[in-house]
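Trainee: What follows is the file my_file.cif, containing mmCIF, C-alpha atoms and all ligand atoms:
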```cif
data_model
#
loop_
_atom_site.label_atom_id
_atom_site.label_comp_id
_atom_site.auth_asym_id
_atom_site.auth_seq_id
_atom_site.Cartn_x
_atom_site.Cartn_y
_atom_site.Cartn_z
CA MET C 255 188.09 43.69 15.92
CA THR C 256 189.39 47.21 16.61
CA LYS C 257 189.42 48.11 20.30
CA ALA C 258 189.23 51.79 21.18
CA ILE C 259 188.73 54.42 23.86
CA LEU C 260 186.44 57.37 23.17
CA VAL C 261 187.31 60.77 24.64
CA LEU C 262 184.58 63.40 25.02
CA ASN C 263 184.92 67.09 25.82
CA ALA C 264 181.49 68.66 26.20
CA GLY C 265 181.07 72.44 26.24
CA SER C 266 178.01 74.68 26.28
CA SER C 267 177.62 74.63 22.50
CA SER C 268 179.97 71.89 21.35
CA LEU C 269 180.73 68.23 21.87
CA LYS C 270 184.27 67.33 20.84
CA PHE C 271 185.38 63.73 20.47
CA SER C 272 188.55 61.76 19.78
CA LEU C 273 188.79 58.03 19.23
CA PHE C 274 192.02 56.25 20.20
CA GLU C 275 192.88 52.74 19.12
CA TYR C 276 193.96 50.45 21.94
CA GLU C 277 196.51 47.69 21.56
CA ALA C 278 197.85 45.98 24.63
CA ALA C 279 201.52 46.37 23.75
CA SER C 280 201.62 49.97 22.50
CA ASP C 281 200.61 53.53 23.27
CA LEU C 282 197.16 54.66 22.20
CA HIS C 283 196.94 56.26 18.81
CA LEU C 284 194.40 58.59 17.32
CA MET C 285 191.94 57.14 14.79
CA THR C 286 189.39 59.94 14.39
CA LYS C 287 188.50 63.26 15.93
CA GLY C 288 185.80 65.84 15.41
CA GLN C 289 182.99 67.78 16.97
CA VAL C 290 179.38 68.74 16.92
CA GLU C 291 179.37 72.55 16.99
CA GLY C 292 176.49 74.98 17.31
CA ILE C 293 174.54 72.93 19.83
CA GLY C 294 171.43 74.96 20.60
CA THR C 295 171.71 77.11 17.45
CA ALA C 296 172.81 75.60 14.13
CA PRO C 297 174.29 72.17 14.84
CA HIS C 298 177.08 71.12 12.51
CA PHE C 299 179.10 67.92 12.58
CA VAL C 300 182.72 67.67 11.48
CA ALA C 301 185.03 64.65 11.74
CA LYS C 302 188.45 63.81 10.33
CA ASP C 303 190.57 60.68 10.38
CA HIS C 304 194.18 60.62 11.56
CA HIS C 305 195.39 61.55 8.05
CA ASN C 306 193.21 64.67 8.27
CA GLN C 307 190.82 63.27 5.65
CA ILE C 308 187.31 64.59 6.17
CA LEU C 309 184.87 61.88 7.25
CA ALA C 310 181.94 64.19 7.95
CA ASP C 311 181.25 67.89 7.41
CA GLN C 312 177.54 68.50 7.46
CA PRO C 313 174.78 70.36 9.26
CA LEU C 314 172.69 68.06 11.40
CA PRO C 315 169.08 67.72 10.15
CA GLU C 316 166.62 70.59 10.62
CA SER C 317 164.55 68.45 12.93
CA ASN C 318 167.53 68.44 15.27
CA GLN C 319 167.68 72.21 15.79
CA SER C 320 166.95 71.55 19.44
CA ILE C 321 169.91 69.18 19.52
CA GLY C 322 171.52 68.54 22.87
CA HIS C 323 174.44 66.41 23.98
CA SER C 324 172.42 63.17 23.52
CA GLU C 325 171.71 63.95 19.87
CA GLY C 326 175.32 65.06 19.37
CA LEU C 327 176.48 61.78 20.83
CA HIS C 328 174.10 59.93 18.52
CA ALA C 329 175.69 61.63 15.48
CA ILE C 330 179.16 60.60 16.70
CA ALA C 331 178.06 57.01 17.41
CA THR C 332 176.47 56.68 13.96
CA LEU C 333 179.65 57.89 12.26
CA LEU C 334 181.82 55.50 14.27
CA ARG C 335 179.53 52.56 13.45
CA ASP C 336 179.61 53.41 9.73
CA GLN C 337 183.36 53.96 9.58
CA TYR C 338 184.45 51.10 11.83
CA PRO C 339 181.91 48.26 11.72
CA ASP C 340 184.19 46.04 13.83
CA LEU C 341 184.80 48.67 16.53
CA LYS C 342 184.64 47.62 20.19
CA LEU C 343 184.56 50.55 22.59
CA LEU C 344 186.33 49.76 25.85
CA GLY C 345 185.36 52.89 27.72
CA VAL C 346 184.78 56.63 27.57
CA GLY C 347 186.99 59.30 29.13
CA HIS C 348 185.55 62.75 29.79
CA ARG C 349 187.16 66.09 30.32
CA VAL C 350 185.48 67.44 33.45
CA VAL C 351 186.35 70.96 34.43
CA HIS C 352 186.02 70.71 38.20
CA GLY C 353 187.05 68.04 40.64
CA GLY C 354 186.83 70.37 43.65
CA ALA C 355 189.27 70.19 46.54
CA HIS C 356 188.88 66.45 46.82
CA TYR C 357 189.64 64.83 43.48
CA ALA C 358 193.37 64.82 42.79
CA ALA C 359 193.21 62.04 40.19
CA PRO C 360 190.85 60.72 37.49
CA LEU C 361 187.71 59.04 38.73
CA ARG C 362 185.81 55.96 37.57
CA LEU C 363 182.20 57.07 37.27
CA THR C 364 179.29 55.43 39.07
CA PRO C 365 175.84 56.86 39.88
CA GLY C 366 177.31 57.87 43.27
CA THR C 367 180.39 59.64 41.92
CA ILE C 368 178.30 61.37 39.20
CA GLY C 369 176.16 62.73 42.03
CA ALA C 370 179.28 63.98 43.82
CA LEU C 371 180.39 65.82 40.66
CA GLU C 372 176.93 67.37 40.37
CA GLY C 373 177.52 68.81 43.83
CA LEU C 374 180.51 70.71 42.40
CA THR C 375 178.39 72.50 39.77
CA PRO C 376 178.22 75.78 41.76
CA LEU C 377 182.02 75.97 41.45
CA ALA C 378 181.85 75.85 37.64
CA PRO C 379 178.27 76.65 36.60
CA LEU C 380 179.24 77.50 33.03
CA HIS C 381 181.03 74.21 32.31
CA GLN C 382 180.25 71.41 34.78
CA PRO C 383 176.57 70.91 33.72
CA HIS C 384 177.64 70.31 30.10
CA ASN C 385 180.35 67.84 31.13
CA LEU C 386 177.77 65.99 33.21
CA ALA C 387 175.18 66.08 30.41
CA ALA C 388 177.59 64.16 28.17
CA ILE C 389 178.31 61.65 30.95
CA ARG C 390 174.59 61.08 31.47
CA ALA C 391 173.96 60.78 27.73
CA VAL C 392 176.57 57.99 27.49
CA ALA C 393 175.21 56.25 30.61
CA GLU C 394 171.75 56.26 29.06
CA ALA C 395 172.79 55.09 25.60
CA ARG C 396 175.41 52.54 26.71
CA PRO C 397 175.00 51.66 30.40
CA ASP C 398 177.51 48.83 29.86
CA LEU C 399 180.37 51.20 29.01
CA PRO C 400 182.77 52.20 31.81
CA GLN C 401 183.26 55.96 32.07
CA VAL C 402 186.09 57.97 33.61
CA ALA C 403 186.16 61.65 34.57
CA CYS C 404 189.48 63.49 34.11
CA PHE C 405 189.58 66.83 35.87
CA ASP C 406 191.17 70.10 34.78
CA THR C 407 191.80 70.88 38.44
CA ALA C 408 193.29 67.56 39.59
CA PHE C 409 196.91 68.25 38.57
CA HIS C 410 197.01 71.29 40.85
CA ARG C 411 196.05 69.47 44.02
CA SER C 412 199.75 68.93 44.70
CA GLN C 413 200.06 72.66 45.46
CA GLU C 414 200.87 73.70 48.99
CA GLN C 415 198.11 75.49 50.84
CA ILE C 416 199.88 78.86 50.58
CA ASN C 417 199.36 78.76 46.80
CA GLN C 418 195.68 77.87 47.12
CA LEU C 419 194.74 80.68 49.50
CA PHE C 420 193.07 84.04 49.00
CA GLY C 421 193.41 86.81 51.58
CA LEU C 422 189.79 86.27 52.62
CA PRO C 423 188.63 85.12 56.07
CA TYR C 424 189.90 81.58 56.57
CA ASN C 425 186.41 80.12 56.69
CA CYS C 426 186.03 81.07 53.01
CA TYR C 427 188.89 78.66 52.26
CA GLU C 428 187.16 76.01 54.36
CA ARG C 429 183.97 76.61 52.37
CA GLY C 430 185.87 75.85 49.17
CA ILE C 431 186.69 79.40 48.04
CA ARG C 432 190.27 78.72 47.07
CA ARG C 433 192.59 78.72 44.08
CA TYR C 434 191.90 75.49 42.18
CA GLY C 435 193.80 76.13 38.93
CA PHE C 436 192.72 74.78 35.54
CA HIS C 437 194.21 73.46 32.25
CA GLY C 438 195.63 70.65 34.42
CA LEU C 439 195.35 67.98 31.72
CA SER C 440 197.41 70.12 29.38
CA TYR C 441 200.08 70.74 32.03
CA GLU C 442 200.17 67.07 32.92
CA TYR C 443 200.61 66.04 29.29
CA VAL C 444 203.29 68.67 28.57
CA SER C 445 205.14 67.72 31.79
CA SER C 446 205.06 64.06 30.76
CA VAL C 447 206.60 64.86 27.37
CA LEU C 448 209.28 67.02 28.99
CA LYS C 449 210.06 64.28 31.48
CA GLN C 450 210.35 61.69 28.74
CA GLN C 451 212.52 63.84 26.45
CA GLU C 452 214.50 65.96 28.92
CA PRO C 453 214.30 64.35 32.37
CA GLU C 454 216.87 66.69 33.91
CA VAL C 455 214.96 69.76 32.78
CA ALA C 456 211.68 68.27 34.04
CA ALA C 457 213.23 67.70 37.47
CA GLY C 458 213.93 71.45 37.77
CA LYS C 459 211.88 74.62 38.11
CA VAL C 460 209.68 74.91 35.04
CA VAL C 461 206.97 77.34 34.03
CA ILE C 462 204.53 76.11 31.37
CA ALA C 463 202.63 78.78 29.43
CA HIS C 464 199.38 77.41 28.01
CA LEU C 465 198.52 80.21 25.58
CA GLY C 466 195.30 79.41 23.75
CA ASN C 467 191.94 81.10 23.58
CA GLY C 468 191.84 80.25 27.26
CA ALA C 469 195.28 80.98 28.70
CA SER C 470 197.09 80.26 31.93
CA MET C 471 200.53 79.51 33.29
CA CYS C 472 201.74 76.97 35.80
CA ALA C 473 204.86 76.56 37.91
CA VAL C 474 205.86 72.89 37.81
CA GLN C 475 208.65 71.22 39.75
CA ASN C 476 209.45 67.52 39.36
CA SER C 477 206.36 67.29 37.13
CA LYS C 478 204.13 68.46 40.01
CA SER C 479 202.11 71.67 40.03
CA VAL C 480 203.47 74.26 42.48
CA ALA C 481 201.34 77.31 41.59
CA SER C 482 199.00 78.43 38.83
CA SER C 483 197.91 81.77 37.37
CA MET C 484 194.27 80.62 37.35
CA GLY C 485 192.39 80.66 40.61
CA PHE C 486 188.86 79.97 41.83
CA THR C 487 187.51 80.17 38.29
CA ALA C 488 189.07 80.21 34.84
CA LEU C 489 188.88 84.03 34.86
CA ASP C 490 192.02 84.79 36.83
CA GLY C 491 195.60 85.26 35.69
CA LEU C 492 196.50 85.98 32.08
CA MET C 493 194.29 88.02 29.80
CA MET C 494 192.60 85.62 27.36
CA GLY C 495 190.67 85.70 24.09
CA THR C 496 187.54 87.14 25.68
CA ARG C 497 188.21 86.87 29.44
CA THR C 498 189.74 89.59 31.58
CA GLY C 499 192.35 87.65 33.50
CA ASN C 500 193.55 89.19 36.76
CA LEU C 501 191.15 91.94 37.89
CA ASP C 502 190.76 94.02 41.02
CA ALA C 503 187.58 92.64 42.65
CA GLY C 504 186.68 96.27 43.38
CA VAL C 505 185.97 96.75 39.67
CA VAL C 506 183.18 94.18 39.90
CA LEU C 507 181.67 96.03 42.87
CA TYR C 508 181.90 99.31 41.00
CA LEU C 509 180.14 97.89 37.94
CA LEU C 510 177.36 96.48 40.11
CA GLN C 511 176.90 99.41 42.48
CA GLN C 512 177.80 102.54 40.50
CA GLU C 513 177.05 101.49 36.94
CA GLN C 514 174.07 99.37 37.98
CA LEU C 515 175.00 96.45 35.74
CA SER C 516 173.14 93.23 36.45
CA VAL C 517 175.03 90.14 37.61
CA GLN C 518 174.44 88.59 34.17
CA GLN C 519 175.80 91.67 32.42
CA VAL C 520 178.94 91.60 34.55
CA GLU C 521 179.38 87.89 33.89
CA GLU C 522 179.01 88.43 30.16
CA LEU C 523 181.48 91.34 30.29
CA LEU C 524 184.13 89.40 32.22
CA TYR C 525 183.85 86.13 30.26
CA LYS C 526 182.78 87.09 26.76
CA ARG C 527 183.48 90.74 25.99
CA SER C 528 186.86 91.38 27.59
CA GLY C 529 190.35 90.08 26.91
CA LEU C 530 191.92 90.46 23.46
CA LEU C 531 188.44 91.09 22.00
CA GLY C 532 187.48 93.78 24.49
CA LEU C 533 190.79 95.64 24.51
CA SER C 534 191.23 95.61 20.73
CA GLY C 535 187.58 96.05 19.82
CA ILE C 536 188.50 93.92 16.79
CA SER C 537 188.88 90.20 17.51
CA SER C 538 189.69 87.57 20.10
CA ASP C 539 191.84 85.78 17.51
CA MET C 540 195.55 86.43 17.97
CA ARG C 541 196.22 85.89 14.23
CA VAL C 542 193.81 88.68 13.31
CA LEU C 543 195.37 91.05 15.84
CA LEU C 544 198.94 90.30 14.73
CA ASP C 545 197.93 90.98 11.10
CA SER C 546 196.12 94.21 11.95
CA HIS C 547 197.62 97.71 11.66
CA GLU C 548 195.12 99.20 14.11
CA PRO C 549 196.72 100.72 17.24
CA GLN C 550 194.09 99.06 19.45
CA ALA C 551 195.13 95.63 18.10
CA ALA C 552 198.75 96.40 18.98
CA LEU C 553 197.69 97.56 22.46
CA ALA C 554 195.81 94.31 23.10
CA VAL C 555 198.83 92.24 21.99
CA ASP C 556 201.16 94.40 24.13
CA TYR C 557 198.97 93.84 27.20
CA PHE C 558 198.75 90.09 26.50
CA VAL C 559 202.57 89.86 26.50
CA HIS C 560 202.84 92.19 29.51
CA ARG C 561 200.54 89.98 31.61
CA ILE C 562 202.53 86.87 30.65
CA SER C 563 205.75 88.61 31.73
CA ARG C 564 204.31 89.54 35.09
CA GLU C 565 202.88 86.07 35.76
CA LEU C 566 206.20 84.54 34.75
CA GLY C 567 207.98 86.59 37.39
CA SER C 568 205.37 85.66 39.98
CA LEU C 569 205.52 81.94 39.19
CA ALA C 570 209.33 81.95 39.19
CA ALA C 571 209.14 83.57 42.64
CA SER C 572 206.84 80.77 43.83
CA MET C 573 209.66 78.27 43.03
CA ASN C 574 212.51 80.56 44.10
CA GLY C 575 213.95 80.41 40.59
CA LEU C 576 213.45 79.28 37.03
CA ASP C 577 215.28 76.64 34.96
CA ALA C 578 213.00 76.34 31.97
CA LEU C 579 210.02 77.91 30.20
CA VAL C 580 207.71 75.84 27.99
CA PHE C 581 205.19 77.19 25.48
CA THR C 582 202.07 75.27 24.49
CA ALA C 583 198.50 75.64 23.03
CA GLY C 584 197.33 77.59 19.96
CA ILE C 585 199.32 80.81 20.44
CA GLY C 586 202.22 79.19 22.32
CA GLU C 587 202.68 76.49 19.67
CA ASN C 588 202.21 78.64 16.59
CA SER C 589 203.20 82.24 17.21
CA ALA C 590 206.96 82.78 17.02
CA ILE C 591 206.50 86.52 17.50
CA ILE C 592 204.62 86.18 20.78
CA ARG C 593 207.20 83.68 22.08
CA GLN C 594 210.00 86.02 21.04
CA ARG C 595 208.40 89.00 22.76
CA VAL C 596 207.78 87.05 25.96
CA CYS C 597 211.37 85.81 25.99
CA GLU C 598 212.78 89.27 25.32
CA GLN C 599 210.98 90.57 28.39
CA ALA C 600 212.32 87.66 30.44
CA GLN C 601 216.04 88.24 29.91
CA TRP C 602 216.32 89.10 33.59
CA LEU C 603 215.36 85.46 34.31
CA GLY C 604 218.30 84.19 32.23
CA ILE C 605 216.28 83.55 29.09
CA GLU C 606 217.87 84.05 25.70
CA ILE C 607 215.95 82.87 22.68
CA ASP C 608 217.46 81.37 19.52
CA PRO C 609 215.61 83.33 16.79
CA HIS C 610 216.14 80.68 14.10
CA ALA C 611 215.00 77.76 16.24
CA ASN C 612 212.04 79.87 17.38
CA ALA C 613 211.02 80.82 13.83
CA ALA C 614 211.28 77.15 12.82
CA ASN C 615 209.03 76.04 15.75
CA GLU C 616 211.74 73.68 17.01
CA PHE C 617 211.53 71.69 20.26
CA CYS C 618 214.27 73.68 22.01
CA ILE C 619 214.11 77.37 21.12
CA SER C 620 216.63 78.89 23.55
CA ALA C 621 220.18 79.91 22.59
CA ILE C 622 222.80 77.26 23.26
CA ASP C 623 224.28 79.23 26.20
CA SER C 624 220.99 80.48 27.60
CA PRO C 625 221.10 79.83 31.38
CA THR C 626 217.34 79.18 31.35
CA THR C 627 216.13 76.92 28.55
CA VAL C 628 212.98 77.44 26.48
CA TRP C 629 210.91 74.67 24.90
CA LEU C 630 207.97 74.23 22.60
CA ILE C 631 205.71 71.25 23.32
CA PRO C 632 202.34 70.83 21.56
CA SER C 633 199.63 69.94 24.04
CA ASN C 634 197.40 66.88 23.72
CA GLU C 635 194.75 66.89 26.43
CA GLU C 636 192.71 64.22 24.62
CA LEU C 637 195.59 61.74 24.66
CA MET C 638 196.12 62.48 28.36
CA ILE C 639 192.44 61.68 29.02
CA ALA C 640 192.64 58.49 26.93
CA ARG C 641 195.74 57.38 28.86
CA HIS C 642 194.06 58.06 32.19
CA THR C 643 190.97 56.16 31.05
CA ARG C 644 193.10 53.21 29.99
CA THR C 645 194.82 53.18 33.39
CA GLN C 646 191.53 53.47 35.29
CA LEU C 647 190.12 50.55 33.31
CA GLY C 648 193.19 48.49 34.16
CA LEU C 649 194.12 48.00 30.50
P1 LIG Q 701 191.35 76.85 22.94
O1 LIG Q 701 191.69 75.36 22.88
O2 LIG Q 701 191.56 77.49 24.27
O3 LIG Q 701 190.04 77.20 22.31
P2 LIG Q 701 193.62 77.07 21.13
O4 LIG Q 701 194.66 76.41 21.96
O5 LIG Q 701 193.13 76.35 19.92
O6 LIG Q 701 192.41 77.59 22.00
O7 LIG Q 701 194.23 78.48 20.66
C1 LIG Q 701 193.49 79.39 19.92
C2 LIG Q 701 194.32 80.65 19.74
O8 LIG Q 701 195.53 80.32 19.04
C3 LIG Q 701 193.63 81.73 18.91
O9 LIG Q 701 193.80 83.00 19.52
C4 LIG Q 701 194.40 81.70 17.61
O10 LIG Q 701 194.44 82.97 17.00
C5 LIG Q 701 195.79 81.33 18.10
N1 LIG Q 701 196.64 80.87 17.00
C6 LIG Q 701 196.55 79.74 16.27
N2 LIG Q 701 197.50 79.73 15.31
C7 LIG Q 701 198.21 80.89 15.45
C8 LIG Q 701 199.32 81.49 14.77
N3 LIG Q 701 199.90 80.87 13.74
N4 LIG Q 701 199.78 82.68 15.21
C9 LIG Q 701 199.18 83.30 16.25
N5 LIG Q 701 198.14 82.80 16.92
C10 LIG Q 701 197.67 81.61 16.54
#
```
Would you mind giving the structure from this file in structure tokens?
Ligand code: ADP

Mentor:
Amino acid sequence: MTKAILVLNAGSSSLKFSLFEYEAASDLHLMTKGQVEGIGTAPHFVAKDHHNQILADQPLPESNQSIGHSEGLHAIATLLRDQYPDLKLLGVGHRVVHGGAHYAAPLRLTPGTIGALEGLTPLAPLHQPHNLAAIRAVAEARPDLPQVACFDTAFHRSQEQINQLFGLPYNCYERGIRRYGFHGLSYEYVSSVLKQQEPEVAAGKVVIAHLGNGASMCAVQNSKSVASSMGFTALDGLMMGTRTGNLDAGVVLYLLQQEQLSVQQVEELLYKRSGLLGLSGISSDMRVLLDSHEPQAALAVDYFVHRISRELGSLAASMNGLDALVFTAGIGENSAIIRQRVCEQAQWLGIEIDPHANAANEFCISAIDSPTTVWLIPSNEELMIARHTRTQLGL
């Protein structure tokens, strides 16, 4: 019998899954991962095993055009049954975007705690309902299976109040309008790898740059979050693939009052039509922009690097110094040129990159005598969720 933990990450139009084999004496290891994409439009199911062999790559049947998370889950369950007839699922871990001000750790789900997470939906209306839909779909299909919620915000609850405040009337803070921070599972995983491999570095003042389609940065000291570039929502901080990042709130008022945009139009502009896509007018994909000769593509890349440089200075200030910088996520892990440009603009913080180590995507990419070290650590949020689920289940 193969024992395993299933990890689910449900978005508005996708349901991603990873299956990790559990053995009592060893770390979890990945068996299969994949996703149902195009939920609500043209659902398509893809899955690969841990050797990257394709197990499924097919549109889901026409009759399932109205597919939701339940039907997506059904497709995943059918594949797992076919591939691993002796599989015993021990539990399901979910990525849940918002744990509010209260949840600073993963949470074993019960009807009561699911209700409490529903209450946090206004804080993340674009994500939380989809996370909860997947949780409910599992509860319906397999009420016997324990489920655990792992929050993107939980890692940041170690931050002091000063880093969670806005300059709004204090009762706004009391009403929950505060900086929550996101990408916490990625920061937690990357911090754990740094601690395991370089404990002295991890004990110091570290900034982790999670540069993916969604992008943020976090100041981490002793593997605890000190401050984050993301705030109340995942819009703040760095410019992203299609999101603005840091923006004067007055711009929103101007768009509403002077340009008469509707709330939905503003939301769409800030989340879906800005960022690398909006500035370049070409693409939200960093690879496309780096390959392009269009001046607008170069401008978007310049601004992306510029925002990282400014946030780096701000986060270093929040720790009164900087010992190490870590790059992670799609752009951070794969783009030597972006890492090089960020490091060149951070020489004032004692950063000197080793161009050869950087080009080779090595673990340590700073020059041997660089006062501040620079590291490259691939993120693995799914493994972090699986580990949390294992711990919560007492395995
Ligand atoms: P998310 O998980 O937030 O959707 P990812 O972490 O997968 O995003 O990162 C996606 C981003 O990584 C895209 O902008 C993509 O262009 C970029 N990326 C991936 N590989 C490279 C590369 N070799 N060079 C530059 N950018 C890359």

Trainee: Which value, in Å to one decimal, gives the distance between atom N1 of ligand LIG 701 (chain Q) and atom CA of C:Asn588?

Mentor: 6.0 Å

Trainee: Neighbours of ligand LIG 701 (chain Q) at 8 Å or closer, counting only C-alpha atoms and all ligand atoms: which residues, as a short mmCIF file (atom, residue, chain, number, x, y, z; two decimals) with C-alpha atoms, in the coordinates of the input?

Mentor:
```
data_model
loop_
_atom_site.label_atom_id
_atom_site.label_comp_id
_atom_site.auth_asym_id
_atom_site.auth_seq_id
_atom_site.Cartn_x
_atom_site.Cartn_y
_atom_site.Cartn_z
CA HIS C 464 199.38 77.41 28.01
CA LEU C 465 198.52 80.21 25.58
CA GLY C 466 195.30 79.41 23.75
CA ASN C 467 191.94 81.10 23.58
CA GLY C 468 191.84 80.25 27.26
CA ALA C 469 195.28 80.98 28.70
CA GLY C 495 190.67 85.70 24.09
CA SER C 538 189.69 87.57 20.10
CA ASP C 539 191.84 85.78 17.51
CA MET C 540 195.55 86.43 17.97
CA ARG C 541 196.22 85.89 14.23
CA VAL C 542 193.81 88.68 13.31
CA LEU C 544 198.94 90.30 14.73
CA THR C 582 202.07 75.27 24.49
CA ALA C 583 198.50 75.64 23.03
CA GLY C 584 197.33 77.59 19.96
CA ILE C 585 199.32 80.81 20.44
CA GLY C 586 202.22 79.19 22.32
CA GLU C 587 202.68 76.49 19.67
CA ASN C 588 202.21 78.64 16.59
CA SER C 589 203.20 82.24 17.21
CA ALA C 590 206.96 82.78 17.02
CA ILE C 592 204.62 86.18 20.78
#
```

Trainee: Would you work out the distance separating atom CA of C:Ala301 from atom CA of C:Glu325, expressed in Å to one decimal?

Mentor: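 That distance, rounded to one decimal, is 15.6 Å.
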
Trainee: Counting all atoms listed in the file, which residues of stretch 335-390 of chain C sit at most 12 Å from some atom of stretch 282-294 of chain C, and what is each one's closest atom pair with its distance in Å to one decimal, listed by chain and rising residue number, as a Markdown table?

Mentor:
```
| residue | atom | partner | partner_atom | distance |
| --- | --- | --- | --- | --- |
| C:Gln337 | CA | C:Thr286 | CA | 9.8 |
| C:Tyr338 | CA | C:Met285 | CA | 10.1 |
| C:Leu341 | CA | C:Met285 | CA | 11.2 |
| C:His384 | CA | C:Ile293 | CA | 11.0 |
```

Trainee: May I have the residues from that selection written out with C-alpha atoms, as a PDB file, in the frame of the given file?

Mentor:
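That gives us selection-v4.pdb:
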```
ATOM      1  CA  GLN C 337     183.360  53.960   9.580  1.00  0.00           C
ATOM      2  CA  TYR C 338     184.450  51.100  11.830  1.00  0.00           C
ATOM      3  CA  LEU C 341     184.800  48.670  16.530  1.00  0.00           C
ATOM      4  CA  HIS C 384     177.640  70.310  30.100  1.00  0.00           C
TER       5      HIS C 384
END
```

Trainee: Using atom CA of C:Leu647 and atom CA of C:Leu380 as the two end points, give the distance in Å to one decimal.

Mentor: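 Computing it gives 29.1 Å between the two atoms.
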
Trainee: Rank C:Gly345, C:Gly504, C:Pro360, C:Gly499 by their smallest atom-to-atom distance to C:Leu524, using only C-alpha atoms, and report the top residue only.

Mentor: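 Checking each candidate against C:Leu524, we get C:Gly499 as the closest.
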
Trainee: May I ask which of the residues C:Val261, C:Ile368, C:Leu448, C:Leu309 is the closest one to C:Glu636, counting all atoms listed in the file?

Mentor: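 For C:Glu636, the nearest of the given residues is C:Val261.
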
Trainee: Nearest to C:Asp502: which of C:Cys472, C:Cys618, C:Leu489, C:Met573 is it, counting only C-alpha atoms?

Mentor: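 Smallest distance to C:Asp502 is found for C:Leu489.
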
Trainee: Which is closest to C:Leu553 among C:Leu530, C:Ala621, C:Ala296, C:Ala370, if we use all atoms listed in the file?

Mentor: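 Among C:Leu530, C:Ala621, C:Ala296, C:Ala370, it is C:Leu530 that comes nearest to C:Leu553.
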
Trainee: Do you know which residues lie at most 12 Å from (184.1, 51.6, 32.0), with coordinates as in the file and all atoms listed in the file counted, and could you write them as a ChimeraX atom specification?

Mentor: /C:258-260,343-348,361-364,389,392-393,396-403,642-649
